[in-house]
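Below: my_file_33.cif (mmCIF, C-alpha atoms)
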```
data_upload
#
loop_
_atom_site.label_atom_id
_atom_site.label_comp_id
_atom_site.auth_asym_id
_atom_site.auth_seq_id
_atom_site.Cartn_x
_atom_site.Cartn_y
_atom_site.Cartn_z
CA MET A 355 105.90 96.18 121.02
CA ASP A 356 102.65 95.04 119.45
CA TRP A 357 99.93 97.08 117.75
CA LEU A 358 97.88 97.68 120.91
CA GLU A 359 100.91 98.96 122.81
CA ARG A 360 101.75 101.35 119.97
CA MET A 361 98.26 102.80 119.81
CA ASN A 362 98.05 103.18 123.57
CA SER A 363 101.49 104.77 123.60
CA ALA A 364 100.19 107.38 121.15
CA MET A 365 97.16 107.99 123.37
CA SER A 366 99.40 108.37 126.42
CA TYR A 367 101.51 110.95 124.61
CA ILE A 368 98.36 112.94 123.81
CA GLU A 369 97.18 112.69 127.42
CA GLU A 370 100.53 113.86 128.78
CA ASN A 371 100.53 116.90 126.49
CA LEU A 372 96.95 118.14 126.67
CA ALA A 373 98.23 121.29 128.38
CA ASN A 374 101.04 121.66 125.83
CA GLU A 375 101.37 121.69 122.05
CA ILE A 376 100.68 118.23 120.65
CA ASP A 377 102.99 117.13 117.84
CA LEU A 378 100.71 115.11 115.55
CA GLU A 379 103.70 113.73 113.69
CA GLU A 380 105.00 112.32 116.97
CA VAL A 381 101.57 110.82 117.68
CA ALA A 382 101.61 109.00 114.35
CA LYS A 383 105.22 107.91 114.84
CA LEU A 384 104.42 106.36 118.21
CA ALA A 385 101.60 104.42 116.56
CA TYR A 386 103.97 103.31 113.76
CA CYS A 387 101.55 104.87 111.29
CA SER A 388 101.63 107.49 108.56
CA ALA A 389 100.81 111.04 109.67
CA TYR A 390 98.33 111.04 106.79
CA HIS A 391 96.65 107.75 107.65
CA PHE A 392 96.62 107.92 111.46
CA PRO A 393 93.87 110.59 111.79
CA ARG A 394 91.83 108.72 109.19
CA VAL A 395 92.19 105.38 110.95
CA PHE A 396 91.52 107.00 114.34
CA SER A 397 88.29 108.50 113.03
CA PHE A 398 87.14 105.10 111.69
CA MET A 399 87.90 103.37 114.97
CA VAL A 400 86.65 105.94 117.48
CA GLY A 401 83.82 107.65 115.64
CA VAL A 402 85.19 111.18 116.11
CA SER A 403 88.13 112.93 114.50
CA LEU A 404 91.49 113.07 116.25
CA ALA A 405 91.22 116.86 116.51
CA GLU A 406 87.75 116.57 118.07
CA TYR A 407 88.98 113.96 120.57
CA ILE A 408 91.81 116.26 121.69
CA ARG A 409 89.41 119.21 121.94
CA ARG A 410 86.96 117.24 124.09
CA ARG A 411 89.70 115.91 126.37
CA ARG A 412 91.05 119.40 126.92
CA LEU A 413 87.60 120.81 127.68
CA SER A 414 86.94 117.91 130.07
CA LEU A 415 90.12 118.75 132.00
CA ALA A 416 89.25 122.42 131.88
CA ALA A 417 85.96 121.63 133.64
CA PHE A 418 87.86 119.73 136.35
CA ASP A 419 90.20 122.71 136.81
CA LEU A 420 87.28 125.11 137.11
CA GLN A 421 85.63 122.97 139.79
CA ASN A 422 88.73 122.09 141.77
CA THR A 423 91.06 125.10 141.53
CA GLU A 424 90.85 128.85 141.90
CA ALA A 425 92.67 129.48 138.60
CA ARG A 426 91.32 132.31 136.50
CA VAL A 427 89.26 131.46 133.42
CA ILE A 428 91.80 133.20 131.18
CA ASP A 429 94.64 131.10 132.63
CA ILE A 430 92.71 127.87 132.11
CA ALA A 431 91.84 128.95 128.56
CA LEU A 432 95.51 129.58 127.75
CA LYS A 433 96.54 126.32 129.43
CA TYR A 434 94.40 124.30 127.04
CA GLY A 435 95.32 126.14 123.86
CA TYR A 436 92.71 128.90 123.54
CA ASP A 437 93.91 132.37 122.60
CA SER A 438 91.11 134.29 124.30
CA PRO A 439 88.44 133.83 126.99
CA ASP A 440 85.73 134.31 124.35
CA SER A 441 86.90 131.45 122.11
CA PHE A 442 87.32 129.24 125.17
CA ALA A 443 83.85 130.16 126.46
CA ARG A 444 82.23 129.29 123.13
CA ALA A 445 83.97 125.92 122.92
CA PHE A 446 83.22 125.17 126.58
CA TYR A 447 79.54 126.00 126.15
CA ASN A 448 79.26 123.87 123.00
CA LEU A 449 80.46 120.81 124.93
CA HIS A 450 79.15 121.34 128.44
CA GLY A 451 76.06 123.50 127.82
CA VAL A 452 77.12 126.09 130.41
CA LYS A 453 79.56 128.99 130.48
CA PRO A 454 82.94 128.46 132.20
CA ASN A 455 82.16 130.66 135.22
CA MET A 456 78.97 128.65 135.87
CA ALA A 457 80.99 125.41 136.02
CA ARG A 458 82.40 126.48 139.39
CA ASN A 459 78.97 126.11 140.98
CA LYS A 460 78.12 122.87 142.74
CA GLY A 461 75.35 120.82 141.16
CA VAL A 462 75.99 122.07 137.62
CA PRO A 463 75.89 119.10 135.19
CA LEU A 464 79.04 118.78 133.07
CA LYS A 465 80.33 116.26 130.54
CA ALA A 466 83.46 114.18 130.96
CA PHE A 467 85.09 112.69 127.84
CA PRO A 468 87.38 109.89 129.13
CA LYS A 469 90.81 109.03 127.84
CA ILE A 470 90.64 106.43 125.10
CA SER A 471 92.56 103.18 125.36
CA PHE A 472 92.62 100.42 122.77
CA GLN A 473 92.01 96.74 123.36
CA ILE A 474 90.99 93.79 121.25
CA THR A 475 87.33 92.92 121.69
CA ILE A 476 85.40 90.00 120.28
CA LYS A 477 83.04 91.09 117.55
CA GLY A 478 80.63 89.22 115.31
CA ALA A 479 82.08 86.32 113.42
CA VAL A 480 82.33 88.25 110.17
CA GLU A 481 85.16 87.06 107.97
CA MET A 482 87.58 89.56 106.47
CA ASP A 483 88.67 88.69 102.94
CA TYR A 484 92.28 89.33 102.02
CA ARG A 485 95.13 87.86 100.06
CA ILE A 486 98.90 88.23 100.17
CA GLU A 487 100.54 89.34 96.94
CA GLU A 488 104.28 89.01 96.34
CA LEU A 489 105.42 91.44 93.66
CA GLY A 490 109.00 90.37 93.12
CA PHE A 491 109.81 93.15 90.69
CA GLU A 492 109.66 96.93 90.43
CA CYS A 493 106.48 98.52 89.11
CA THR A 494 106.67 101.76 87.13
CA VAL A 495 103.77 104.14 87.70
CA VAL A 496 103.14 107.27 85.62
CA GLY A 497 100.95 110.14 86.69
CA VAL A 498 100.80 113.53 88.35
CA LYS A 499 101.97 114.61 91.78
CA LYS A 500 99.96 117.05 93.83
CA PRO A 501 101.33 118.67 97.01
CA VAL A 502 99.12 118.12 100.02
CA VAL A 503 99.33 119.60 103.51
CA THR A 504 99.45 116.54 105.75
CA ALA A 505 96.99 117.89 108.29
CA ASP A 506 94.43 118.64 105.55
CA ALA A 507 94.91 115.47 103.50
CA PHE A 508 91.69 113.73 104.47
CA ALA A 509 89.60 116.61 103.11
CA VAL A 510 91.86 117.59 100.19
CA VAL A 511 92.53 114.23 98.47
CA PRO A 512 88.89 113.56 97.40
CA LYS A 513 88.77 117.07 95.93
CA LEU A 514 91.90 116.30 93.90
CA TRP A 515 90.10 113.37 92.26
CA GLU A 516 87.04 115.54 91.58
CA LYS A 517 89.23 118.13 89.89
CA ALA A 518 91.09 115.43 87.93
CA ASN A 519 87.75 114.25 86.55
CA GLU A 520 86.67 117.76 85.60
CA GLU A 521 89.96 118.58 83.86
CA GLY A 522 90.26 115.31 81.93
CA LEU A 523 93.22 113.90 83.85
CA LEU A 524 91.17 111.00 85.16
CA GLN A 525 90.16 109.96 81.65
CA ARG A 526 93.80 110.09 80.51
CA LEU A 527 94.75 107.79 83.38
CA ILE A 528 91.87 105.45 82.57
CA ASP A 529 92.99 105.20 78.94
CA LEU A 530 96.55 104.36 80.01
CA ALA A 531 95.44 101.90 82.69
CA TRP A 532 93.51 99.66 80.33
CA GLU A 533 96.07 99.97 77.54
CA LYS A 534 99.04 98.05 78.92
CA PRO A 535 98.40 96.48 82.32
CA LYS A 536 101.58 94.62 83.22
CA CYS A 537 100.81 93.11 86.61
CA LYS A 538 98.14 92.69 89.26
CA LEU A 539 98.78 96.22 90.55
CA GLU A 540 96.59 97.81 87.91
CA GLY A 541 93.78 100.34 87.64
CA ILE A 542 93.79 103.95 88.86
CA LEU A 543 96.18 104.37 91.78
CA GLY A 544 96.37 106.84 94.64
CA ILE A 545 99.82 106.74 96.26
CA CYS A 546 100.51 108.78 99.40
CA GLY A 547 104.06 110.09 99.65
CA LYS A 548 107.11 107.87 99.38
CA GLN A 549 106.99 106.08 102.73
CA ALA A 550 104.38 104.79 105.12
CA SER A 551 105.50 107.27 107.80
CA ILE A 552 104.82 110.77 106.50
CA THR A 553 106.57 113.08 108.97
CA ASP A 554 106.76 116.28 106.91
CA GLU A 555 104.14 119.03 106.94
CA LYS A 556 103.51 118.35 103.24
CA PHE A 557 103.73 115.29 101.00
CA ASP A 558 103.18 114.48 97.33
CA TYR A 559 99.99 112.62 96.47
CA PHE A 560 100.66 110.66 93.27
CA MET A 561 97.64 110.09 91.04
CA GLY A 562 98.71 107.54 88.48
CA VAL A 563 98.59 104.15 86.77
CA ARG A 564 100.91 101.18 86.29
CA TYR A 565 102.48 101.75 82.85
CA ASP A 566 105.71 100.72 81.11
CA GLY A 567 105.44 102.87 77.98
CA PRO A 568 107.06 106.27 77.40
CA VAL A 569 106.10 108.79 80.07
CA PRO A 570 103.21 110.84 78.61
CA ASP A 571 103.49 114.60 78.31
CA GLY A 572 102.76 116.43 81.51
CA MET A 573 103.32 113.33 83.65
CA GLU A 574 106.21 111.82 85.55
CA LYS A 575 107.05 108.36 86.78
CA MET A 576 107.40 106.68 90.15
CA VAL A 577 108.94 103.29 90.83
CA ILE A 578 107.30 100.99 93.40
CA PRO A 579 109.93 98.50 94.62
CA ALA A 580 109.40 94.78 94.98
CA ALA A 581 107.42 94.11 98.15
CA THR A 582 104.83 91.99 99.93
CA TRP A 583 101.28 93.34 99.99
CA ALA A 584 98.17 92.49 101.94
CA VAL A 585 95.26 93.20 99.59
CA PHE A 586 91.72 93.87 100.78
CA PRO A 587 88.54 94.35 98.73
CA ASN A 588 86.47 97.48 99.36
CA VAL A 589 88.81 100.32 100.27
CA LEU A 590 86.49 102.01 102.76
CA GLU A 591 85.63 98.83 104.64
CA ALA A 592 89.28 97.76 104.63
CA TRP A 593 90.38 100.98 106.31
CA LYS A 594 87.72 100.49 109.00
CA ARG A 595 88.86 97.00 109.93
CA LEU A 596 92.56 96.85 109.01
CA TYR A 597 94.00 98.21 112.25
CA THR A 598 91.42 96.91 114.70
CA GLU A 599 90.87 93.40 113.38
CA TRP A 600 93.36 92.21 110.79
CA LEU A 601 96.73 93.72 111.69
CA PRO A 602 96.80 92.86 115.44
CA SER A 603 96.38 89.13 114.81
CA SER A 604 97.92 88.75 111.36
CA GLY A 605 101.58 88.17 112.16
CA TYR A 606 102.44 91.12 109.89
CA GLU A 607 103.39 94.73 110.47
CA LEU A 608 103.50 97.66 108.08
CA GLU A 609 106.40 97.96 105.66
CA ASP A 610 107.96 101.39 105.11
CA LEU A 611 106.22 101.97 101.78
CA PRO A 612 103.05 103.87 100.87
CA CYS A 613 99.62 102.27 100.97
CA ILE A 614 97.92 102.23 97.58
CA GLU A 615 94.23 102.52 96.79
CA CYS A 616 93.42 100.77 93.50
CA PHE A 617 90.26 101.61 91.53
CA TYR A 618 89.47 99.19 88.73
CA ALA A 619 87.54 99.06 85.47
CA PRO A 620 83.71 98.86 85.75
CA GLU A 621 83.57 95.11 85.05
CA HIS A 622 86.24 94.27 87.64
CA ASN A 623 85.20 92.45 90.80
CA PRO A 624 85.82 93.92 93.34
CA GLU A 625 85.54 97.51 92.15
CA ASN A 626 88.43 98.67 94.34
CA GLU A 627 91.09 97.29 96.67
CA LEU A 628 93.44 98.56 99.33
CA TRP A 629 97.05 97.41 98.92
CA VAL A 630 98.92 97.55 102.22
CA PRO A 631 102.73 97.01 102.29
CA VAL A 632 103.60 94.48 104.98
CA LYS A 633 106.46 92.44 106.37
CA ALA A 634 106.55 89.54 108.80
CA ARG A 635 106.44 90.73 112.40
CA LYS A 636 109.66 90.09 114.27
#
```
Can you turn what I pasted into structure tokens?
Amino acid sequence: MDWLERMNSAMSYIEENLANEIDLEEVAKLAYCSAYHFPRVFSFMVGVSLAEYIRRRRLSLAAFDLQNTEARVIDIALKYGYDSPDSFARAFYNLHGVKPNMARNKGVPLKAFPKISFQITIKGAVEMDYRIEELGFECTVVGVKKPVVTADAFAVVPKLWEKANEEGLLQRLIDLAWEKPKCKLEGILGICGKQASITDEKFDYFMGVRYDGPVPDGMEKMVIPAATWAVFPNVLEAWKRLYTEWLPSSGYELEDLPCIECFYAPEHNPENELWVPVKARK
């Protein structure tokens, strides 16, 4: 099963469960992606959040039900996950511009948000810089773990770095990072969980640096095993293009290790890189 099949399998699962509870961990698993990274990647690729896509699909189907069945508004609201007619009416109006009871009338304009499917399309001939790094040895990282609710990770993680800067943790990491860099995996690191597939409701976000000295007070260590990494300059741009352009045609698939965002010293070029654990596709 290739990347496109996995993504479309995840979309099919969502479509089949729009009238039921959608297990976001199962969605990510079907896409062979981390539960933390999948909503982020989806947002980059589609232009709306995963939660917003599901909301719009449900409200699109609700409009079809209102026009083609005699089901009560309250029953349709409950079917698509709304606890009350009022909350459903507000959401329906925000998307369609009319109240649910008006949608039953012929000639009323409504909005349909189609099911998304993924395919490879030809884009501009813009090269994507990357390199493959083989780290044939374990890397010890020291730092601080912060618990993160998986569903809230996209909003919470940047705030963790802001707080680390305010409280002096970031400066401590900077001092350690430039003191004893031991390999190419250097700089300030953000490591998500222990594996690429985060299936728990919470995971530990490790804010740290590559360091072989004694573990500093108030910190702990993590060991990154030997692995193969695809390394991309510009973290934000890499996330936008990794799944849609590089991974489908690369001959690689994700390894079961966390992705690592590396932020380097001011004089370093590039300023930051995304390290993605990979293995040859079977």
Evaluate the PyMOL selection byres ((chain A and resi 615) around 8) and report residues as a compact mmCIF listing (two decimals) with C-alpha atoms, keeping the file's coordinate frame:
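Saved as out-v7.txt:
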```txt
# COMPACT_ATOMS: atom_id res chain seq x y z
CA LEU A 543 96.18 104.37 91.78
CA GLY A 544 96.37 106.84 94.64
CA ILE A 545 99.82 106.74 96.26
CA VAL A 589 88.81 100.32 100.27
CA CYS A 613 99.62 102.27 100.97
CA ILE A 614 97.92 102.23 97.58
CA CYS A 616 93.42 100.77 93.50
CA PHE A 617 90.26 101.61 91.53
CA ASN A 626 88.43 98.67 94.34
CA GLU A 627 91.09 97.29 96.67
CA LEU A 628 93.44 98.56 99.33
CA TRP A 629 97.05 97.41 98.92
```
* Within 10 Å of file point (89.7, 120.0, 122.9), counting only C-alpha atoms, expressed as a PyMOL selection string -> chain A and resi 372+404-416+434-436+442+445-446+449+467
With the file shown as input, list the residues that the PyMOL selection byres ((chain A and resi 582) around 9) selects, as a PDB file with C-alpha atoms, in the coordinates of the input.
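The resulting file, part36.pdb, is shown below:
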```pdb
ATOM      1  CA  ILE A 486      98.900  88.230 100.170  1.00  0.00           C
ATOM      2  CA  GLU A 487     100.540  89.340  96.940  1.00  0.00           C
ATOM      3  CA  GLU A 488     104.280  89.010  96.340  1.00  0.00           C
ATOM      4  CA  LEU A 489     105.420  91.440  93.660  1.00  0.00           C
ATOM      5  CA  GLY A 490     109.000  90.370  93.120  1.00  0.00           C
ATOM      6  CA  ALA A 580     109.400  94.780  94.980  1.00  0.00           C
ATOM      7  CA  ALA A 581     107.420  94.110  98.150  1.00  0.00           C
ATOM      8  CA  TRP A 583     101.280  93.340  99.990  1.00  0.00           C
ATOM      9  CA  ALA A 584      98.170  92.490 101.940  1.00  0.00           C
ATOM     10  CA  GLU A 609     106.400  97.960 105.660  1.00  0.00           C
ATOM     11  CA  VAL A 630      98.920  97.550 102.220  1.00  0.00           C
ATOM     12  CA  PRO A 631     102.730  97.010 102.290  1.00  0.00           C
ATOM     13  CA  VAL A 632     103.600  94.480 104.980  1.00  0.00           C
ATOM     14  CA  LYS A 633     106.460  92.440 106.370  1.00  0.00           C
TER      15      LYS A 633
END
```
* To do: Between A:Cys387, A:Val400, A:Val498, A:Met576, single out the one closest to Leu524 of chain A, counting only C-alpha atoms.
  =>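 The shortest atom-to-atom distance to Leu524 of chain A comes from A:Val498.
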Produce a table with one row for each residue of segment 385-480 of chain A that has an atom at most 8 Å from any atom of segment 505-511 of chain A, each row naming the nearest atom pair and its distance in Å at one decimal; use all atoms listed in the file; arrange rows by chain and rising residue number; format as CSV.
```
residue,atom,partner,partner_atom,distance
A:Ala389,CA,A:Ala505,CA,8.0
A:Tyr390,CA,A:Ala507,CA,6.5
A:Arg394,CA,A:Phe508,CA,6.9
```
Output the selection as an mmCIF file, in the frame of the given file - C-alpha atoms for each residue.
```
data_model
loop_
_atom_site.group_PDB
_atom_site.id
_atom_site.type_symbol
_atom_site.label_atom_id
_atom_site.label_comp_id
_atom_site.auth_asym_id
_atom_site.auth_seq_id
_atom_site.Cartn_x
_atom_site.Cartn_y
_atom_site.Cartn_z
ATOM 1 C CA ALA A 389 100.810 111.040 109.670
ATOM 2 C CA TYR A 390 98.330 111.040 106.790
ATOM 3 C CA ARG A 394 91.830 108.720 109.190
#
```
